[in-house]
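Structure record follows, encoded as structure tokens.
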Amino acid sequence: GAGVSQSPSNKVTEKGKDVELRCDPISGHTALYWYRQSLGQGLEFLIYFQGNSAPDKSGLPSDRFSAERTGGSVSTLTIQRTQQEDSAVYLCASSPRRNTGELFFGEGSRLTVL
Amino acid sequence: AQTVTQSQPEMSVQEAETVTLSCTYDTSESDYYLFWYKQPPSRQMILVIRQEAYKQQNATENRFSVNFQKAAKSFSLKISDSQLGDAAMYFCAYRSLTQGGSEKLVFGKGTKLTVNP
């Protein structure tokens, strides 16, 4: 597609369930980022991929959070045993190569944990 | 660690007027990028303008310009001739260019801009 695609757009789940959020970056973009945006807050960095490797996963808040990227393309962010504080918009972004600085964002996945 | 501070949670401007959004950052590095991103209600973040720290000349993009003061670690965004479509959250962001430095963008908490007709 022309832009970064994220699915689902909205997800409502019950506390304790696992969720998977998907990101399909712009074709050819080697870098992929996950950010979390809580209500009224800025963007909190979660993890960064260069190809299939994650040189920086320092922002993952707990071991309930994990992410992978396959084929240098699609990425999945998995949250296990969801908690109410996980409710947020999860934004994915991609970048064409290292050191360009500019990120191209998707529209995000809004997660609500009841 | 680098931090980015936006001291104005909300700002408003009359249509066709000029508004300036403030941003300061803290870093010990000399090579970096600074950005302003816009997030309309649709949630999709869009790059507004970028500044390379080694460039003394302030970046401009049509009605958008920055005032980059490296020594003061200040990076403000000026929007001229404000339009209703400029209403959005605006985020200031920092990215290290130091060898071995993190390639993530560090964002401020944002400024909500309202444009009044």
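The way I read the labels, and the way they are meant: chains A, B, ... in the order of the structure tokens, residue 1 as the first residue of every chain, and ligand 1 as the first ligand shown, with later ones counted on from there.
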Q) What's the 7 Å shell around A:Arg69, counting only C-alpha atoms, without same-chain residues fewer than 6 positions away, as a list in words? A) Asn52, Ser75 and Thr76 of chain A
Take the residues from that selection and put them in a file with N, CA, C and O atoms, as a PDB file, in the first residue's frame.
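Saved as out_11.pdb:
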ATOM      1  N   ASN A  52      14.972  -7.160  10.438  1.00  0.00           N
ATOM      2  CA  ASN A  52      14.283  -8.028  11.391  1.00  0.00           C
ATOM      3  C   ASN A  52      14.859  -7.952  12.799  1.00  0.00           C
ATOM      4  O   ASN A  52      14.330  -8.597  13.715  1.00  0.00           O
ATOM      5  N   SER A  75       5.253  -6.263  11.070  1.00  0.00           N
ATOM      6  CA  SER A  75       5.615  -6.401  12.481  1.00  0.00           C
ATOM      7  C   SER A  75       4.356  -6.643  13.302  1.00  0.00           C
ATOM      8  O   SER A  75       3.274  -6.128  12.976  1.00  0.00           O
ATOM      9  N   THR A  76       4.532  -7.431  14.358  1.00  0.00           N
ATOM     10  CA  THR A  76       3.437  -7.697  15.282  1.00  0.00           C
ATOM     11  C   THR A  76       3.872  -7.324  16.686  1.00  0.00           C
ATOM     12  O   THR A  76       4.943  -7.749  17.144  1.00  0.00           O
TER      13      THR A  76
END
Selection: 8 Å around stretch 18-24 of chain A, only C-alpha atoms, excl. self and same-chain fewer than 6 positions, as a PyMOL selection string: chain A and resi 4-8+73-82+92+109
Saved selection, atoms kept: all heavy atoms, as a compact mmCIF listing (two decimals), in the first residue's frame:
# COMPACT_ATOMS: atom_id res chain seq x y z
N VAL A 4 1.63 3.45 5.77
CA VAL A 4 1.75 2.46 6.83
C VAL A 4 0.35 2.01 7.23
O VAL A 4 -0.51 2.86 7.51
CB VAL A 4 2.51 3.05 8.04
CG1 VAL A 4 2.56 2.04 9.17
CG2 VAL A 4 3.91 3.49 7.63
N SER A 5 0.15 0.72 7.26
CA SER A 5 -1.16 0.18 7.56
C SER A 5 -1.13 -0.55 8.90
O SER A 5 -0.24 -1.38 9.13
CB SER A 5 -1.60 -0.78 6.45
OG SER A 5 -2.84 -1.36 6.75
N GLN A 6 -2.08 -0.23 9.77
CA GLN A 6 -2.15 -0.88 11.06
C GLN A 6 -3.52 -1.53 11.25
O GLN A 6 -4.54 -0.99 10.83
CB GLN A 6 -1.92 0.12 12.20
CG GLN A 6 -0.52 0.67 12.26
CD GLN A 6 -0.28 1.48 13.51
OE1 GLN A 6 -0.04 2.68 13.44
NE2 GLN A 6 -0.33 0.82 14.66
N SER A 7 -3.49 -2.69 11.90
CA SER A 7 -4.75 -3.36 12.21
C SER A 7 -4.65 -4.09 13.55
O SER A 7 -3.55 -4.53 13.93
CB SER A 7 -5.10 -4.35 11.09
OG SER A 7 -4.10 -5.34 10.97
N PRO A 8 -5.76 -4.20 14.28
CA PRO A 8 -7.04 -3.56 13.99
C PRO A 8 -6.99 -2.07 14.28
O PRO A 8 -6.10 -1.61 14.99
CB PRO A 8 -7.99 -4.28 14.94
CG PRO A 8 -7.13 -4.62 16.12
CD PRO A 8 -5.78 -4.95 15.56
N SER A 73 9.53 -6.83 6.89
CA SER A 73 8.31 -6.12 6.54
C SER A 73 7.35 -6.04 7.73
O SER A 73 7.58 -5.27 8.64
CB SER A 73 7.65 -6.78 5.33
OG SER A 73 6.47 -6.10 4.95
N VAL A 74 6.36 -6.91 7.74
CA VAL A 74 5.29 -6.83 8.73
C VAL A 74 5.82 -7.04 10.14
O VAL A 74 6.70 -7.87 10.39
CB VAL A 74 4.21 -7.88 8.42
CG1 VAL A 74 3.18 -7.95 9.52
CG2 VAL A 74 3.55 -7.56 7.09
N SER A 75 5.25 -6.26 11.07
CA SER A 75 5.61 -6.40 12.48
C SER A 75 4.36 -6.64 13.30
O SER A 75 3.27 -6.13 12.98
CB SER A 75 6.31 -5.14 12.98
OG SER A 75 6.60 -5.23 14.37
N THR A 76 4.53 -7.43 14.36
CA THR A 76 3.44 -7.70 15.28
C THR A 76 3.87 -7.32 16.69
O THR A 76 4.94 -7.75 17.14
CB THR A 76 3.04 -9.18 15.25
OG1 THR A 76 2.67 -9.55 13.92
CG2 THR A 76 1.87 -9.45 16.18
N LEU A 77 3.04 -6.55 17.35
CA LEU A 77 3.25 -6.21 18.76
C LEU A 77 2.25 -7.03 19.56
O LEU A 77 1.04 -6.97 19.31
CB LEU A 77 3.03 -4.72 19.00
CG LEU A 77 3.12 -4.23 20.46
CD1 LEU A 77 4.55 -4.33 20.96
CD2 LEU A 77 2.63 -2.78 20.57
N THR A 78 2.76 -7.82 20.49
CA THR A 78 1.91 -8.70 21.30
C THR A 78 1.93 -8.24 22.75
O THR A 78 3.00 -7.98 23.30
CB THR A 78 2.39 -10.16 21.21
OG1 THR A 78 2.38 -10.59 19.84
CG2 THR A 78 1.50 -11.07 22.03
N ILE A 79 0.75 -8.13 23.31
CA ILE A 79 0.62 -7.80 24.73
C ILE A 79 -0.09 -8.97 25.39
O ILE A 79 -1.23 -9.31 25.05
CB ILE A 79 -0.18 -6.51 24.96
CG1 ILE A 79 0.37 -5.36 24.09
CG2 ILE A 79 -0.15 -6.12 26.43
CD1 ILE A 79 -0.48 -4.10 24.11
N GLN A 80 0.60 -9.60 26.33
CA GLN A 80 0.02 -10.75 27.03
C GLN A 80 -0.63 -10.27 28.34
O GLN A 80 -0.19 -9.30 28.95
CB GLN A 80 1.11 -11.76 27.34
CG GLN A 80 1.74 -12.37 26.10
CD GLN A 80 2.84 -13.36 26.44
OE1 GLN A 80 3.74 -13.08 27.21
NE2 GLN A 80 2.76 -14.55 25.85
N ARG A 81 -1.66 -11.00 28.71
CA ARG A 81 -2.31 -10.74 30.01
C ARG A 81 -2.57 -9.25 30.19
O ARG A 81 -2.10 -8.61 31.14
CB ARG A 81 -1.45 -11.28 31.16
CG ARG A 81 -1.09 -12.75 31.02
CD ARG A 81 -0.26 -13.26 32.18
NE ARG A 81 0.98 -12.54 32.37
CZ ARG A 81 2.07 -12.69 31.66
NH1 ARG A 81 2.09 -13.58 30.67
NH2 ARG A 81 3.16 -12.00 31.92
N THR A 82 -3.33 -8.69 29.28
CA THR A 82 -3.54 -7.24 29.25
C THR A 82 -4.08 -6.71 30.57
O THR A 82 -4.85 -7.37 31.28
CB THR A 82 -4.51 -6.85 28.13
OG1 THR A 82 -5.70 -7.62 28.24
CG2 THR A 82 -3.87 -7.04 26.77
N CYS A 92 2.49 2.82 14.88
CA CYS A 92 3.61 2.24 14.16
C CYS A 92 4.11 3.25 13.14
O CYS A 92 3.32 4.02 12.56
CB CYS A 92 3.17 0.96 13.46
SG CYS A 92 4.45 0.17 12.46
N SER A 109 -3.54 1.83 16.35
CA SER A 109 -4.52 0.87 16.85
C SER A 109 -4.92 1.30 18.25
O SER A 109 -4.06 1.40 19.14
CB SER A 109 -3.93 -0.54 16.92
OG SER A 109 -3.65 -1.06 15.65
message: So that I can check the surroundings of stretch 65-75 of chain B, please list as JSON, numbers by chain every protein, DNA and RNA residue that reaches within 10 Å of it, counting only C-alpha atoms and ignoring chain neighbours fewer than 3 positions away.
response: {"B": [4, 5, 6, 20, 21, 22, 23, 24, 25, 26, 27, 30, 34, 35, 36, 48, 49, 50, 51, 52, 53, 54, 55, 56, 57, 58, 59, 60, 61, 62, 78, 79, 80, 92, 93]}
Next, dump the selected residues to file, keeping only N, CA and C atoms, as an mmCIF file, in the first residue's frame.
data_model
loop_
_atom_site.group_PDB
_atom_site.id
_atom_site.type_symbol
_atom_site.label_atom_id
_atom_site.label_comp_id
_atom_site.auth_asym_id
_atom_site.auth_seq_id
_atom_site.Cartn_x
_atom_site.Cartn_y
_atom_site.Cartn_z
ATOM 1 N N VAL B 4 12.526 16.259 25.765
ATOM 2 C CA VAL B 4 11.906 17.323 24.982
ATOM 3 C C VAL B 4 10.735 17.884 25.785
ATOM 4 N N THR B 5 10.696 19.191 25.924
ATOM 5 C CA THR B 5 9.670 19.826 26.738
ATOM 6 C C THR B 5 8.861 20.815 25.906
ATOM 7 N N GLN B 6 7.564 20.635 25.942
ATOM 8 C CA GLN B 6 6.649 21.603 25.329
ATOM 9 C C GLN B 6 5.838 22.200 26.466
ATOM 10 N N THR B 20 3.019 31.010 17.609
ATOM 11 C CA THR B 20 4.314 30.369 17.833
ATOM 12 C C THR B 20 4.195 29.334 18.938
ATOM 13 N N LEU B 21 4.626 28.114 18.638
ATOM 14 C CA LEU B 21 4.627 27.018 19.601
ATOM 15 C C LEU B 21 6.052 26.800 20.096
ATOM 16 N N SER B 22 6.190 26.616 21.392
ATOM 17 C CA SER B 22 7.512 26.529 22.003
ATOM 18 C C SER B 22 7.968 25.093 22.219
ATOM 19 N N CYS B 23 9.270 24.898 22.148
ATOM 20 C CA CYS B 23 9.860 23.593 22.425
ATOM 21 C C CYS B 23 11.288 23.812 22.912
ATOM 22 N N THR B 24 11.631 23.159 23.994
ATOM 23 C CA THR B 24 13.018 23.139 24.438
ATOM 24 C C THR B 24 13.437 21.686 24.603
ATOM 25 N N TYR B 25 14.730 21.458 24.541
ATOM 26 C CA TYR B 25 15.232 20.078 24.642
ATOM 27 C C TYR B 25 16.531 20.078 25.420
ATOM 28 N N ASP B 26 16.831 18.925 25.914
ATOM 29 C CA ASP B 26 18.042 18.765 26.715
ATOM 30 C C ASP B 26 18.885 17.660 26.102
ATOM 31 N N THR B 27 20.114 17.984 25.738
ATOM 32 C CA THR B 27 21.021 17.005 25.175
ATOM 33 C C THR B 27 22.458 17.463 25.372
ATOM 34 N N SER B 30 25.969 17.012 19.872
ATOM 35 C CA SER B 30 26.082 18.156 18.969
ATOM 36 C C SER B 30 25.435 17.891 17.612
ATOM 37 N N LEU B 34 15.892 17.865 14.675
ATOM 38 C CA LEU B 34 14.696 18.274 15.407
ATOM 39 C C LEU B 34 13.532 18.294 14.437
ATOM 40 N N PHE B 35 12.367 17.963 14.943
ATOM 41 C CA PHE B 35 11.185 17.865 14.094
ATOM 42 C C PHE B 35 9.980 18.506 14.780
ATOM 43 N N TRP B 36 9.051 18.938 13.945
ATOM 44 C CA TRP B 36 7.693 19.218 14.380
ATOM 45 C C TRP B 36 6.766 18.311 13.586
ATOM 46 N N VAL B 48 5.818 18.076 9.765
ATOM 47 C CA VAL B 48 5.605 19.462 9.363
ATOM 48 C C VAL B 48 6.910 20.071 8.866
ATOM 49 N N ILE B 49 7.970 19.878 9.655
ATOM 50 C CA ILE B 49 9.228 20.529 9.326
ATOM 51 C C ILE B 49 10.363 19.839 10.076
ATOM 52 N N ARG B 50 11.559 19.877 9.489
ATOM 53 C CA ARG B 50 12.733 19.244 10.076
ATOM 54 C C ARG B 50 13.904 20.225 10.048
ATOM 55 N N GLN B 51 14.725 20.141 11.094
ATOM 56 C CA GLN B 51 15.909 20.997 11.194
ATOM 57 C C GLN B 51 17.111 20.140 11.542
ATOM 58 N N GLU B 52 18.172 20.265 10.748
ATOM 59 C CA GLU B 52 19.423 19.608 11.116
ATOM 60 C C GLU B 52 20.220 20.546 12.021
ATOM 61 N N ALA B 53 20.751 20.018 13.087
ATOM 62 C CA ALA B 53 21.403 20.874 14.081
ATOM 63 C C ALA B 53 22.631 21.584 13.537
ATOM 64 N N TYR B 54 23.288 21.001 12.522
ATOM 65 C CA TYR B 54 24.507 21.618 12.008
ATOM 66 C C TYR B 54 24.210 22.811 11.096
ATOM 67 N N LYS B 55 22.952 22.944 10.714
ATOM 68 C CA LYS B 55 22.577 24.057 9.847
ATOM 69 C C LYS B 55 22.161 25.263 10.696
ATOM 70 N N GLN B 56 22.775 26.381 10.423
ATOM 71 C CA GLN B 56 22.433 27.588 11.166
ATOM 72 C C GLN B 56 21.149 28.223 10.636
ATOM 73 N N GLN B 57 20.886 28.008 9.359
ATOM 74 C CA GLN B 57 19.706 28.622 8.759
ATOM 75 C C GLN B 57 18.453 27.911 9.245
ATOM 76 N N ASN B 58 17.461 28.700 9.632
ATOM 77 C CA ASN B 58 16.206 28.125 10.102
ATOM 78 C C ASN B 58 15.417 27.526 8.939
ATOM 79 N N ALA B 59 14.835 26.338 9.179
ATOM 80 C CA ALA B 59 14.050 25.675 8.154
ATOM 81 C C ALA B 59 12.703 26.380 7.964
ATOM 82 N N THR B 60 12.219 26.361 6.731
ATOM 83 C CA THR B 60 10.900 26.893 6.414
ATOM 84 C C THR B 60 10.203 25.951 5.445
ATOM 85 N N GLU B 61 8.902 25.844 5.594
ATOM 86 C CA GLU B 61 8.058 25.069 4.695
ATOM 87 C C GLU B 61 6.757 25.839 4.533
ATOM 88 N N ASN B 62 6.702 26.640 3.495
ATOM 89 C CA ASN B 62 5.501 27.426 3.205
ATOM 90 C C ASN B 62 5.158 28.314 4.404
ATOM 91 N N LYS B 78 6.691 28.514 14.135
ATOM 92 C CA LYS B 78 5.822 29.633 13.822
ATOM 93 C C LYS B 78 4.910 29.254 12.663
ATOM 94 N N ILE B 79 3.616 29.441 12.880
ATOM 95 C CA ILE B 79 2.630 29.190 11.829
ATOM 96 C C ILE B 79 2.042 30.537 11.434
ATOM 97 N N SER B 80 2.255 30.914 10.198
ATOM 98 C CA SER B 80 1.751 32.184 9.685
ATOM 99 C C SER B 80 0.436 31.963 8.942
ATOM 100 N N CYS B 92 6.859 18.237 19.173
ATOM 101 C CA CYS B 92 8.260 18.485 18.906
ATOM 102 C C CYS B 92 9.021 17.187 19.176
ATOM 103 N N ALA B 93 10.024 16.888 18.360
ATOM 104 C CA ALA B 93 10.751 15.630 18.535
ATOM 105 C C ALA B 93 12.234 15.817 18.262
#
Q: Do me a favour and pick out the residues of chain B within 12 Å of chain A, using only C-alpha atoms, as JSON, numbers by chain.
A: {"B": [3, 4, 5, 6, 9, 10, 31, 32, 33, 34, 35, 36, 37, 38, 39, 40, 41, 42, 43, 44, 45, 46, 47, 48, 49, 50, 51, 52, 89, 90, 91, 92, 93, 94, 95, 96, 97, 98, 99, 100, 101, 102, 103, 104, 105, 106, 107, 108, 109, 110, 111, 112]}
Can you write out the residues you just picked, keeping C-alpha atoms, as a compact mmCIF listing (two decimals), in the first residue's frame?
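Below is the file part-v1.txt, written as the result:
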# COMPACT_ATOMS: atom_id res chain seq x y z
CA THR B 3 14.28 15.08 26.89
CA VAL B 4 11.91 17.32 24.98
CA THR B 5 9.67 19.83 26.74
CA GLN B 6 6.65 21.60 25.33
CA PRO B 9 -0.38 22.26 26.62
CA GLU B 10 -2.89 24.35 24.64
CA ASP B 31 24.64 16.26 16.03
CA TYR B 32 20.92 15.72 15.88
CA TYR B 33 17.67 16.39 14.07
CA LEU B 34 14.70 18.27 15.41
CA PHE B 35 11.19 17.86 14.09
CA TRP B 36 7.69 19.22 14.38
CA TYR B 37 4.93 16.71 13.74
CA LYS B 38 1.22 17.44 13.43
CA GLN B 39 -1.46 15.02 14.62
CA PRO B 40 -4.99 15.88 13.45
CA PRO B 41 -8.03 14.13 14.95
CA SER B 42 -7.57 11.32 12.44
CA ARG B 43 -4.55 10.29 14.60
CA GLN B 44 -2.07 10.04 11.72
CA MET B 45 1.12 11.93 12.52
CA ILE B 46 2.45 14.07 9.69
CA LEU B 47 5.87 15.68 9.46
CA VAL B 48 5.60 19.46 9.36
CA ILE B 49 9.23 20.53 9.33
CA ARG B 50 12.73 19.24 10.08
CA GLN B 51 15.91 21.00 11.19
CA GLU B 52 19.42 19.61 11.12
CA MET B 89 -1.84 18.43 18.24
CA TYR B 90 1.71 19.50 17.49
CA PHE B 91 4.64 17.46 18.75
CA CYS B 92 8.26 18.48 18.91
CA ALA B 93 10.75 15.63 18.53
CA TYR B 94 14.49 15.00 18.81
CA ARG B 95 16.62 12.41 17.09
CA SER B 96 20.26 11.74 17.82
CA LEU B 97 22.75 11.53 14.97
CA THR B 98 25.65 10.56 17.19
CA GLN B 99 27.46 7.38 16.13
CA GLY B 100 26.10 4.58 18.25
CA GLY B 101 23.28 6.74 19.52
CA SER B 102 19.68 5.66 19.61
CA GLU B 103 17.77 5.97 16.36
CA LYS B 104 14.47 6.56 18.05
CA LEU B 105 12.65 9.89 18.07
CA VAL B 106 12.03 11.41 21.49
CA PHE B 107 8.78 13.37 21.60
CA GLY B 108 7.43 16.11 23.78
CA LYS B 109 3.95 15.87 25.27
CA GLY B 110 2.42 18.04 22.60
CA THR B 111 0.57 21.33 22.21
CA LYS B 112 -3.06 21.35 21.20
For a test of reading the model, state the distance in Å between atom CA of A:Glu68 and atom CA of A:Pro96, rounded to one decimal.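 We find that atom CA of A:Glu68 and atom CA of A:Pro96 lie 18.5 Å from each other.
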Quick check, in Å to one decimal: how far apart do atom CA of B:Ser76 and atom CA of B:Val19 lie?
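So the two atoms, atom CA of B:Ser76 and atom CA of B:Val19, lie 10.2 Å apart.
What separates atom CA of B:Gly85 from atom CA of B:Pro117 is a distance of 10.9 Å.
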### Message
Report as number ranges by chain all protein, DNA and RNA residues lying within 8 Å of A:Gln84, evaluated on only C-alpha atoms, omitting residues in the same chain fewer than 2 positions from it.
### Response
A: 15, 82, 86-87, 112-114
Please identify which residues in stretch 28-93 of chain A DSSP calls strand (DSSP E) from the backbone, and express them as number ranges by chain. A: 31-37, 43-50, 53-56, 65-69, 75-79, 88-93
Go ahead and write the selection's residues with N, CA, C and O atoms as a CSV table (one decimal), in the first residue's frame.
chain,number,residue,atom,x,y,z
A,31,ALA,N,13.5,0.5,8.4
A,31,ALA,CA,13.3,0.8,9.9
A,31,ALA,C,11.8,0.8,10.2
A,31,ALA,O,11.0,1.3,9.5
A,32,LEU,N,11.5,0.3,11.4
A,32,LEU,CA,10.1,0.2,11.9
A,32,LEU,C,10.1,0.5,13.4
A,32,LEU,O,10.9,0.0,14.1
A,33,TYR,N,9.2,1.4,13.8
A,33,TYR,CA,9.1,1.8,15.2
A,33,TYR,C,7.7,1.5,15.7
A,33,TYR,O,6.7,1.7,15.0
A,34,TRP,N,7.6,1.2,17.0
A,34,TRP,CA,6.4,1.2,17.7
A,34,TRP,C,6.4,2.2,18.8
A,34,TRP,O,7.4,2.3,19.6
A,35,TYR,N,5.3,3.0,18.9
A,35,TYR,CA,5.1,4.0,20.0
A,35,TYR,C,3.8,3.8,20.6
A,35,TYR,O,2.9,3.2,20.0
A,36,ARG,N,3.7,4.2,21.9
A,36,ARG,CA,2.4,4.2,22.6
A,36,ARG,C,2.0,5.6,23.0
A,36,ARG,O,2.8,6.4,23.4
A,37,GLN,N,0.7,5.9,22.7
A,37,GLN,CA,0.2,7.2,23.1
A,37,GLN,C,-1.0,7.0,24.0
A,37,GLN,O,-2.1,6.6,23.6
A,43,LEU,N,4.1,10.8,22.9
A,43,LEU,CA,4.4,9.4,22.3
A,43,LEU,C,5.5,8.8,23.1
A,43,LEU,O,6.6,9.4,23.3
A,44,GLU,N,5.3,7.6,23.6
A,44,GLU,CA,6.2,6.8,24.4
A,44,GLU,C,6.8,5.8,23.5
A,44,GLU,O,6.1,4.9,23.0
A,45,PHE,N,8.2,5.8,23.3
A,45,PHE,CA,8.9,4.8,22.5
A,45,PHE,C,8.8,3.4,23.1
A,45,PHE,O,9.0,3.3,24.3
A,46,LEU,N,8.5,2.5,22.2
A,46,LEU,CA,8.5,1.1,22.7
A,46,LEU,C,9.7,0.3,22.2
A,46,LEU,O,10.5,-0.3,22.9
A,47,ILE,N,9.8,0.2,20.8
A,47,ILE,CA,10.8,-0.6,20.2
A,47,ILE,C,11.1,-0.2,18.8
A,47,ILE,O,10.2,0.4,18.2
A,48,TYR,N,12.3,-0.4,18.3
A,48,TYR,CA,12.7,-0.1,17.0
A,48,TYR,C,13.3,-1.3,16.3
A,48,TYR,O,14.1,-2.0,16.9
A,49,PHE,N,13.0,-1.5,15.1
A,49,PHE,CA,13.5,-2.5,14.2
A,49,PHE,C,14.3,-1.9,13.1
A,49,PHE,O,13.9,-1.0,12.5
A,50,GLN,N,15.5,-2.6,12.8
A,50,GLN,CA,16.2,-2.3,11.6
A,50,GLN,C,16.3,-3.7,10.9
A,50,GLN,O,16.9,-4.6,11.3
A,53,SER,N,15.9,-7.2,13.0
A,53,SER,CA,16.6,-7.1,14.3
A,53,SER,C,16.0,-5.9,15.1
A,53,SER,O,15.6,-4.9,14.5
A,54,ALA,N,16.1,-6.0,16.4
A,54,ALA,CA,15.6,-4.9,17.2
A,54,ALA,C,16.7,-4.4,18.1
A,54,ALA,O,17.0,-4.8,19.2
A,55,PRO,N,17.5,-3.4,17.5
A,55,PRO,CA,18.6,-2.8,18.2
A,55,PRO,C,18.2,-2.1,19.5
A,55,PRO,O,19.1,-1.9,20.4
A,56,ASP,N,17.0,-1.6,19.6
A,56,ASP,CA,16.6,-0.9,20.7
A,56,ASP,C,15.2,-1.3,21.1
A,56,ASP,O,14.2,-1.0,20.4
A,65,PHE,N,5.1,-7.4,27.1
A,65,PHE,CA,5.1,-6.8,25.8
A,65,PHE,C,6.2,-7.5,25.0
A,65,PHE,O,7.4,-7.6,25.5
A,66,SER,N,5.9,-7.9,23.8
A,66,SER,CA,6.9,-8.4,22.9
A,66,SER,C,6.6,-7.9,21.4
A,66,SER,O,5.4,-7.6,21.2
A,67,ALA,N,7.6,-7.9,20.6
A,67,ALA,CA,7.3,-7.6,19.2
A,67,ALA,C,8.3,-8.4,18.3
A,67,ALA,O,9.4,-8.7,18.7
A,68,GLU,N,7.8,-8.6,17.1
A,68,GLU,CA,8.7,-9.3,16.1
A,68,GLU,C,8.4,-8.7,14.8
A,68,GLU,O,7.4,-8.1,14.5
A,69,ARG,N,9.4,-8.9,13.9
A,69,ARG,CA,9.3,-8.4,12.5
A,69,ARG,C,9.8,-9.5,11.6
A,69,ARG,O,10.9,-10.1,11.9
A,75,SER,N,5.3,-6.3,11.1
A,75,SER,CA,5.6,-6.4,12.5
A,75,SER,C,4.4,-6.6,13.3
A,75,SER,O,3.3,-6.1,13.0
A,76,THR,N,4.5,-7.4,14.4
A,76,THR,CA,3.4,-7.7,15.3
A,76,THR,C,3.9,-7.3,16.7
A,76,THR,O,4.9,-7.7,17.1
A,77,LEU,N,3.0,-6.5,17.3
A,77,LEU,CA,3.3,-6.2,18.8
A,77,LEU,C,2.2,-7.0,19.6
A,77,LEU,O,1.0,-7.0,19.3
A,78,THR,N,2.8,-7.8,20.5
A,78,THR,CA,1.9,-8.7,21.3
A,78,THR,C,1.9,-8.2,22.7
A,78,THR,O,3.0,-8.0,23.3
A,79,ILE,N,0.8,-8.1,23.3
A,79,ILE,CA,0.6,-7.8,24.7
A,79,ILE,C,-0.1,-9.0,25.4
A,79,ILE,O,-1.2,-9.3,25.1
A,88,ALA,N,-4.5,2.4,25.3
A,88,ALA,CA,-3.8,3.5,24.7
A,88,ALA,C,-3.9,3.3,23.2
A,88,ALA,O,-4.5,2.3,22.7
A,89,VAL,N,-3.4,4.3,22.4
A,89,VAL,CA,-3.2,4.1,21.0
A,89,VAL,C,-1.8,3.7,20.7
A,89,VAL,O,-0.9,4.3,21.2
A,90,TYR,N,-1.7,2.6,19.9
A,90,TYR,CA,-0.4,2.1,19.6
A,90,TYR,C,-0.1,2.5,18.2
A,90,TYR,O,-0.8,2.1,17.2
A,91,LEU,N,1.0,3.3,18.0
A,91,LEU,CA,1.3,3.8,16.7
A,91,LEU,C,2.5,3.1,16.1
A,91,LEU,O,3.5,2.9,16.9
A,92,CYS,N,2.5,2.8,14.9
A,92,CYS,CA,3.6,2.2,14.2
A,92,CYS,C,4.1,3.3,13.1
A,92,CYS,O,3.3,4.0,12.6
A,93,ALA,N,5.4,3.3,12.9
A,93,ALA,CA,6.0,4.2,11.9
A,93,ALA,C,7.1,3.4,11.2
A,93,ALA,O,7.7,2.5,11.8
